[in-house]
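Some notes on the structure that comes next.
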Amino acid sequence: EIVWFNGEWMKYNEAKISVFDRGFMLGDGVYEVTPFYEGKAFGLKEHLARLQYSLNEIIVDLDAYGLKPLMFEAISKAGLSQKDAAVYVQVSRGVAPRTHYFPDNIEPTVLIYAFPASLKGFENKQWSVLVSEDLRWHRCDIKSTSLLANIKSNTQSHSLGLDENLLVRDGLFTEGSHSTIFFIKDNIIYTHPEGPQILSGITRKFVIAICAELNIEVKEEAFPLSELERVDEVFLTGTTTQVMAVKEMYSEGNNIYDKPEIGPVTRKIQQVFIQKTR
Ligand code: PDD
């Protein structure tokens, strides 16, 4: 496994991080995961723009677009040019004595590597999910490496044999622990509006554009947990999740949603998604 670290390519086990790297010590960093379908980047411009946004929001002076050639190099160095893969890019603030404020003029630590991803066959799967409280901070629009709330929730669903968490804040669904949620009720699709409560998903934007093409109405409104009974279909989107149908939901040991079949609207969107990514 080859990684880009501290300005050069090296074997992952040769990369050494300082104990005072603020990414390690404080979770002071941001990241992106970009899909590559058989070597072809998907949504690269959007991923780089979001990385730049995250960097700007945490005041790290780095040109995200300058990393673009390295992402392609990561794919070829890993021998993934003909395969389905994803590239992980992480920028931490860098190395400095521990302080609660951002230190000035330190060199960011950049890590880039490619990994194989199974992006085929999602249309034949369905996820069972846990509905749980959204424990995260109020800047979920920043793609921060500080994922403690996400991974704590996801560990709970994982230990129950479930695939993802649907997070609820003040009675409203926000998003998944690593995906965006779409609800379909009476042929209208609902998804949480962009803003500090969710990550602006690249796949989310792409699926909203597909819905426009298919003349399916999308309302960017937060969906209330109390209206779940009236929902026809639910699906999740994300870079590696793609467009995943939700089969069942659990909350405090109870089954609160049960759809053994993938619904017709989800199927239609999945078909167009496959056409456009392949
Ligand atoms: N997760 N919401 C959250 C909290 C996420 O972490 C992600 C992606 C998404 C979907 O965004 P996109 O469509 O741009 O991938 C929504 C990445 C893949 C991860 O953490 O691995």
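If you're wondering about the labels, chains in the structure tokens are A, B, ... by order shown, residues count from 1 in each chain, ligands from 1 in order shown.
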Using DSSP assignments from the backbone, pull out every residue in range 11-180 of chain A that falls under helix (DSSP H, G or I) and give it to me as number ranges by chain.
A: 12-14, 22-26, 44-57, 64-77, 122-124, 148-159
Please, which residues have at least one atom within 6 Å of an atom of ligand 1, using only C-alpha atoms and all ligand atoms, listed as JSON, numbers by chain?
{"A": [33, 176, 177, 178, 179, 180, 199, 201, 202, 203, 204, 237, 238, 239, 240]}
Write the residues of the selection above to a file with C-alpha atoms, as a PDB file, in the first residue's frame.
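The file below, part_33.pdb, is the result:
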ATOM      1  CA  VAL A  33     -13.513  10.327  -0.181  1.00  0.00           C
ATOM      2  CA  GLY A 176     -26.909   8.896   8.206  1.00  0.00           C
ATOM      3  CA  SER A 177     -23.652   8.404  10.135  1.00  0.00           C
ATOM      4  CA  HIS A 178     -21.920   8.397   6.720  1.00  0.00           C
ATOM      5  CA  SER A 179     -24.727   8.902   4.190  1.00  0.00           C
ATOM      6  CA  THR A 180     -27.585  11.204   3.157  1.00  0.00           C
ATOM      7  CA  LEU A 199     -22.770  17.345   5.123  1.00  0.00           C
ATOM      8  CA  GLY A 201     -23.339  15.251  -0.022  1.00  0.00           C
ATOM      9  CA  ILE A 202     -21.971  15.116  -3.557  1.00  0.00           C
ATOM     10  CA  THR A 203     -24.116  12.046  -4.280  1.00  0.00           C
ATOM     11  CA  ARG A 204     -27.077  13.941  -2.768  1.00  0.00           C
ATOM     12  CA  THR A 237     -26.797   8.032  -0.758  1.00  0.00           C
ATOM     13  CA  GLY A 238     -23.040   8.435  -0.452  1.00  0.00           C
ATOM     14  CA  THR A 239     -19.779   8.000  -2.306  1.00  0.00           C
ATOM     15  CA  THR A 240     -19.456   4.284  -1.564  1.00  0.00           C
TER      16      THR A 240
END
Any idea what's packed within 12 Å of Asn215 in chain A, counting only C-alpha atoms, ignoring anything in its chain fewer than 2 positions away? Could you give it as a list in words?
Asn187, Ile188, Ile189, Ile208, Ala209, Ile210, Cys211, Ala212, Glu213, Glu217, Val218, Val265, Lys268 and Ile269 of chain A
Which residue is closest to Ser132 in chain A? Choose from A:Pro116, A:Gly171, A:Gly27, A:Gly66 and count only C-alpha atoms.
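Smallest separation from Ser132 in chain A among the options: A:Gly171.
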I need the residue nearest Phe273 in chain A from this list: A:Ala96, A:Met25, A:Met249, A:Leu214. Use only C-alpha atoms for the distance.
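Using only C-alpha atoms, the shortest distance to Phe273 in chain A belongs to A:Leu214.
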For range 20-23 of chain A, work out the shell of residues within 6 Å, counting only C-alpha atoms and skipping chain neighbours fewer than 3 positions away, then give it as a ChimeraX atom specification.
/A:26-29,92,94-96
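Around Glu14 in chain A, within 10 Å and counting only C-alpha atoms, the residues found are Ile2, Val3, Phe5 and Trp9 of chain A, once anything fewer than 5 positions away on its own chain is removed.
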Export C-alpha atoms of the chosen residues as a short mmCIF file (atom, residue, chain, number, x, y, z; two decimals), in the first residue's frame?
data_model
loop_
_atom_site.label_atom_id
_atom_site.label_comp_id
_atom_site.auth_asym_id
_atom_site.auth_seq_id
_atom_site.Cartn_x
_atom_site.Cartn_y
_atom_site.Cartn_z
CA ILE A 2 1.42 3.27 -1.24
CA VAL A 3 0.50 6.57 0.42
CA PHE A 5 2.56 11.57 3.05
CA TRP A 9 5.10 8.54 -1.96
#
Identify, with DSSP run on backbone atoms, the residues in range 114-246 of chain A assigned to strand (DSSP E or B), and express the list as number ranges by chain.
A: 114-116, 126-133, 144, 164-169, 172-176, 180-185, 188-190, 217-219, 223-224, 233-238, 242-246
All residues 6 Å or closer to Asp141 in chain A, only C-alpha atoms, same chain fewer than 2 positions away omitted, as a PyMOL selection string
chain A and resi 139+196+198-199
Which residues are near range 72-76 of chain A? Cut-off 7 Å, only C-alpha atoms, ignore same chain within fewer than 4 positions. Put them as a PyMOL selection string.
chain A and resi 68+80-81+113-114
Write the residues you've just listed into a file as a short mmCIF file (atom, residue, chain, number, x, y, z; two decimals), in the first residue's frame, and include N, CA and C atoms for each of them.
data_model
loop_
_atom_site.label_atom_id
_atom_site.label_comp_id
_atom_site.auth_asym_id
_atom_site.auth_seq_id
_atom_site.Cartn_x
_atom_site.Cartn_y
_atom_site.Cartn_z
N LYS A 68 -5.21 17.40 -6.99
CA LYS A 68 -5.87 16.59 -8.02
C LYS A 68 -4.94 15.59 -8.73
N LEU A 80 -5.03 0.45 -9.54
CA LEU A 80 -6.50 0.43 -9.55
C LEU A 80 -7.10 1.15 -10.76
N SER A 81 -6.29 1.36 -11.81
CA SER A 81 -6.77 2.15 -12.96
C SER A 81 -7.93 1.48 -13.69
N TYR A 113 -4.36 8.32 -0.29
CA TYR A 113 -4.17 6.94 -0.77
C TYR A 113 -5.43 6.44 -1.44
N ALA A 114 -5.25 5.44 -2.30
CA ALA A 114 -6.39 4.83 -3.01
C ALA A 114 -6.65 3.45 -2.42
#
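Using only C-alpha atoms, the nearest neighbour of Glu8 in chain A within the list A:Leu225, A:Val272, A:Leu70, A:Leu148 is A:Leu70.
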